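Enquirer: Sharing target.csv below, CSV, C-alpha atoms:
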```
chain,number,residue,atom,x,y,z
A,19,MET,CA,77.3,67.0,89.9
A,20,GLY,CA,80.1,69.5,89.8
A,21,ARG,CA,83.7,69.5,90.9
A,22,PRO,CA,84.9,68.8,94.5
A,23,PRO,CA,86.0,72.0,96.2
A,24,SER,CA,89.5,70.7,96.6
A,25,CYS,CA,91.7,67.8,95.6
A,26,SER,CA,95.4,66.8,95.5
A,27,CYS,CA,97.9,66.2,92.7
A,28,LEU,CA,101.5,65.5,92.2
A,29,CYS,CA,102.7,68.5,90.2
A,30,GLY,CA,106.3,69.0,89.3
A,31,GLY,CA,107.3,66.5,92.0
A,32,ILE,CA,105.4,68.4,94.7
A,33,PHE,CA,102.3,66.9,96.3
A,34,LEU,CA,99.9,69.9,96.1
A,35,SER,CA,96.5,70.5,97.6
A,36,THR,CA,94.5,72.1,94.8
A,37,VAL,CA,91.3,74.1,94.8
A,38,THR,CA,88.8,73.5,92.0
A,39,ASP,CA,86.3,76.3,92.6
A,40,CYS,CA,88.2,78.8,90.5
A,41,ASP,CA,86.7,78.8,87.0
A,42,VAL,CA,89.8,80.0,85.1
A,43,CYS,CA,91.7,77.0,86.4
A,44,ASP,CA,89.6,74.1,85.2
A,45,GLY,CA,92.1,71.4,86.4
A,46,GLY,CA,92.5,73.0,89.8
A,47,ALA,CA,94.9,75.6,91.2
A,48,SER,CA,97.5,75.3,93.9
A,49,GLU,CA,96.0,76.0,97.2
A,50,CYS,CA,99.3,77.6,98.4
A,51,TRP,CA,102.0,79.5,96.7
A,52,GLU,CA,105.4,80.8,97.9
A,53,LEU,CA,106.4,84.4,97.2
A,54,THR,CA,109.9,85.7,97.9
A,55,VAL,CA,110.4,89.4,97.9
A,56,ALA,CA,113.8,91.2,98.3
A,57,GLY,CA,115.0,94.7,97.7
A,58,VAL,CA,112.1,96.9,98.9
A,59,THR,CA,113.5,99.8,100.9
A,60,ASP,CA,112.1,102.4,103.3
A,61,SER,CA,111.2,105.8,102.0
A,62,ASN,CA,108.5,108.0,103.5
A,63,CYS,CA,107.6,105.0,105.7
A,64,SER,CA,110.2,103.4,108.0
A,65,ASN,CA,108.8,99.9,108.0
A,66,CYS,CA,108.7,99.0,104.3
A,67,ALA,CA,111.7,96.7,104.3
A,68,SER,CA,110.5,94.8,107.4
A,69,GLU,CA,106.9,94.4,106.2
A,70,TYR,CA,107.3,93.6,102.5
A,71,ASN,CA,110.7,91.7,102.1
A,72,GLY,CA,110.8,88.0,103.0
A,73,VAL,CA,109.2,84.7,102.1
A,74,PHE,CA,105.4,84.7,102.1
A,75,THR,CA,102.9,81.8,101.8
A,76,ILE,CA,99.9,82.8,99.7
A,77,LYS,CA,96.9,80.6,100.6
A,78,HIS,CA,93.5,80.3,98.9
A,79,LEU,CA,90.8,82.5,100.5
A,80,GLY,CA,87.8,81.9,98.1
A,81,PHE,CA,85.9,84.2,95.9
A,82,THR,CA,86.0,88.0,96.0
A,83,GLU,CA,83.1,90.4,95.7
A,84,PRO,CA,81.9,92.0,93.5
A,85,GLN,CA,84.2,90.2,91.1
A,86,VAL,CA,82.5,86.8,91.6
A,87,LEU,CA,84.5,85.3,88.7
A,88,ALA,CA,87.8,86.1,90.5
A,89,CYS,CA,89.4,83.8,93.0
A,90,ARG,CA,91.4,85.2,95.9
A,91,TRP,CA,94.5,84.1,97.7
A,92,GLY,CA,96.1,85.9,100.6
A,93,SER,CA,99.3,85.7,102.5
A,94,VAL,CA,99.3,83.7,105.7
A,95,GLU,CA,101.5,86.5,107.1
A,96,SER,CA,99.8,89.8,108.0
A,97,ILE,CA,100.8,93.4,108.3
A,98,THR,CA,102.1,94.2,111.8
A,99,ASN,CA,102.7,98.0,111.6
A,100,ASP,CA,101.8,99.7,108.3
A,101,CYS,CA,101.6,103.4,107.4
A,102,PHE,CA,99.6,103.2,104.2
A,103,GLY,CA,96.1,102.9,105.6
A,104,SER,CA,96.0,99.1,106.2
A,105,GLN,CA,95.4,97.8,109.6
A,106,PRO,CA,97.5,95.3,111.6
A,107,GLY,CA,96.2,91.9,110.7
A,108,ASP,CA,95.5,92.7,107.0
A,109,LYS,CA,97.1,90.2,104.6
A,110,THR,CA,100.5,91.4,103.5
A,111,TRP,CA,99.9,90.2,99.9
A,112,ILE,CA,96.8,89.4,97.9
A,113,MET,CA,96.5,87.5,94.6
A,114,ASP,CA,93.4,87.7,92.5
A,115,ILE,CA,92.8,85.5,89.5
A,116,GLY,CA,90.3,87.2,87.2
A,117,VAL,CA,88.9,86.5,83.8
A,118,SER,CA,91.6,88.4,81.9
A,119,THR,CA,94.2,89.5,84.5
A,120,VAL,CA,95.9,88.0,87.6
A,121,THR,CA,97.1,90.6,90.1
A,122,LEU,CA,99.5,90.3,93.0
A,123,THR,CA,99.0,93.3,95.3
A,124,PRO,CA,100.8,94.5,98.5
A,125,ALA,CA,98.5,95.3,101.4
A,126,HIS,CA,95.9,98.0,100.4
A,127,GLY,CA,97.5,98.4,97.0
A,128,PHE,CA,100.4,100.2,98.5
A,129,GLY,CA,99.0,103.6,98.4
A,130,LEU,CA,95.4,103.3,97.1
A,131,GLY,CA,96.2,100.8,94.4
A,132,ASN,CA,99.2,102.6,92.9
A,133,TYR,CA,101.6,99.7,93.0
A,134,PHE,CA,100.7,96.1,92.0
A,135,TYR,CA,102.0,93.2,89.9
A,136,SER,CA,100.1,91.6,87.1
A,137,MET,CA,100.1,89.1,84.3
A,138,THR,CA,97.4,88.0,81.8
A,139,THR,CA,95.2,85.1,82.9
A,140,GLY,CA,96.1,83.2,79.7
A,141,ASP,CA,99.7,83.1,80.7
A,142,PHE,CA,99.0,82.0,84.3
A,143,SER,CA,99.9,78.4,85.2
A,144,CYS,CA,97.5,77.2,87.8
A,145,THR,CA,99.9,74.6,89.2
A,146,GLY,CA,103.3,76.0,88.1
A,147,SER,CA,105.7,78.9,88.5
A,148,ASN,CA,104.4,82.4,87.5
A,149,THR,CA,106.2,85.7,87.1
A,150,PHE,CA,104.4,89.0,87.6
A,151,ASP,CA,105.5,92.4,86.2
A,152,LEU,CA,105.4,95.6,88.3
A,153,GLN,CA,102.7,98.1,87.4
A,154,VAL,CA,102.8,101.6,88.7
A,155,SER,CA,99.9,104.1,88.1
A,156,VAL,CA,101.0,106.9,90.3
A,157,PRO,CA,104.3,106.7,92.3
A,158,THR,CA,103.5,107.6,95.9
A,159,GLY,CA,107.0,107.3,97.6
A,160,GLU,CA,106.0,105.3,100.7
A,161,CYS,CA,108.5,102.6,99.8
A,162,GLY,CA,111.3,102.4,97.3
A,163,ASP,CA,113.0,100.0,95.0
A,164,TRP,CA,110.2,97.6,94.3
A,165,PRO,CA,111.4,94.6,92.2
A,166,SER,CA,110.5,94.8,88.6
A,167,THR,CA,109.1,91.3,88.7
A,168,LEU,CA,107.9,88.8,91.4
A,169,THR,CA,107.6,85.1,91.0
A,170,ILE,CA,105.4,82.7,92.8
A,171,GLU,CA,105.9,78.9,93.1
A,172,PRO,CA,103.3,76.3,94.0
A,173,VAL,CA,104.0,74.7,97.4
A,174,ALA,CA,102.4,72.3,99.8
A,175,CYS,CA,100.4,74.2,102.4
A,176,PRO,CA,101.9,74.6,105.9
```
Please render this file's structure as structure tokens.
Expert:
Amino acid sequence: MGRPPSCSCLCGGIFLSTVTDCDVCDGGASECWELTVAGVTDSNCSNCASEYNGVFTIKHLGFTEPQVLACRWGSVESITNDCFGSQPGDKTWIMDIGVSTVTLTPAHGFGLGNYFYSMTTGDFSCTGSNTFDLQVSVPTGECGDWPSTLTIEPVACP
């Protein structure tokens, strides 16, 4: 018979809409999350602070390809003027829940995937608070002062 694509639960005193099509979250995952970012500064690009600082709502988008086991969430808010190869209208933040890693990535990986936040899937709470650590493969200098961690909280969808 299978699970319904979504349901609701009272989690931590918050009435959440949950999605149940993400295999790594058997009991369902929050359909929406809140991400607050502060401290990102302009560097080679003059719009970093205005694009990446603020409060963002991350909402379930469905499955990603070709990683069919990963589930994807994207910010309701979109890039308006970006200088890193993304286009206006692209999601400002993307979260992917994979088999072993959960990633939280700024639009277009902030310089070809050089900056992102991650945590292991085993430590991820599908309906609770989660803290991601900054990962940097090659610093590119477009923006500065990325926070060392970012935390998402489950919220009711707008």
Enquirer: Near Cys50 in chain A, within 6 Å and counting only C-alpha atoms, which residues show up once chain neighbours fewer than 3 positions away are dropped, as a ChimeraX atom specification?
Expert: /A:76-77,173,175
Enquirer: Restricting the output to C-alpha atoms, write the selected residues as a PDB file, in the frame of the given file.
Expert:
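Written out: result-v3.pdb:
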```pdb
ATOM      1  CA  ILE A  76      99.900  82.800  99.700  1.00  0.00           C
ATOM      2  CA  LYS A  77      96.900  80.600 100.600  1.00  0.00           C
ATOM      3  CA  VAL A 173     104.000  74.700  97.400  1.00  0.00           C
ATOM      4  CA  CYS A 175     100.400  74.200 102.400  1.00  0.00           C
TER       5      CYS A 175
END
```
Enquirer: Calculate how many Å separate CA of Trp91 in chain A from CA of Glu69 in chain A, rounding to one decimal.
Expert: 18.2 Å
Enquirer: Which residue is closest to Cys66 in chain A? Choose from A:Cys161, A:Leu79, A:Ile115, A:Leu152 and count only C-alpha atoms.
Expert: A:Cys161
Enquirer: Rounded to one decimal place, report the CA of Asn71 in chain A-CA of Trp51 in chain A distance in Å.
Expert: 15.9 Å
Enquirer: Using all atoms listed in the file, which of the listed residues (A:Thr145, A:Asn62, A:Thr75, A:Thr139) sits closest to Lys109 in chain A?
Expert: A:Thr75
Enquirer: Just how far from CA of Pro172 in chain A is CA of Asp108 in chain A, in Å to one decimal?
Expert: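 Calculated distance between CA of Asp108 in chain A and CA of Pro172 in chain A is 22.3 Å.
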Enquirer: Pick from A:Ser93, A:Ser143, A:Thr138, A:Ser64: nearest to Pro124 in chain A, with all atoms listed in the file counted?
Expert: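 Distance minimum relative to Pro124 in chain A lands on A:Ser93.
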Enquirer: Neighbourhood query: residues within 12 Å of (111.3, 104.5, 93.1), file coordinates, counting only C-alpha atoms; return as a ChimeraX atom specification.
Expert: /A:57-62,133,152,154,156-166
Enquirer: A:Val42, A:Val73, A:Gly92, A:Ala47: which is nearest Thr119 in chain A, counting all atoms listed in the file?
Expert: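 Answer, going by the shortest atom-to-atom distance: A:Val42.
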Enquirer: Find, counting only C-alpha atoms, the residue in A:Cys89, A:Met113, A:Ile97, A:Gly46 that gets nearest to Tyr70 in chain A.
Expert: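 Of A:Cys89, A:Met113, A:Ile97, A:Gly46, the one nearest Tyr70 in chain A, counting only C-alpha atoms, is A:Ile97.
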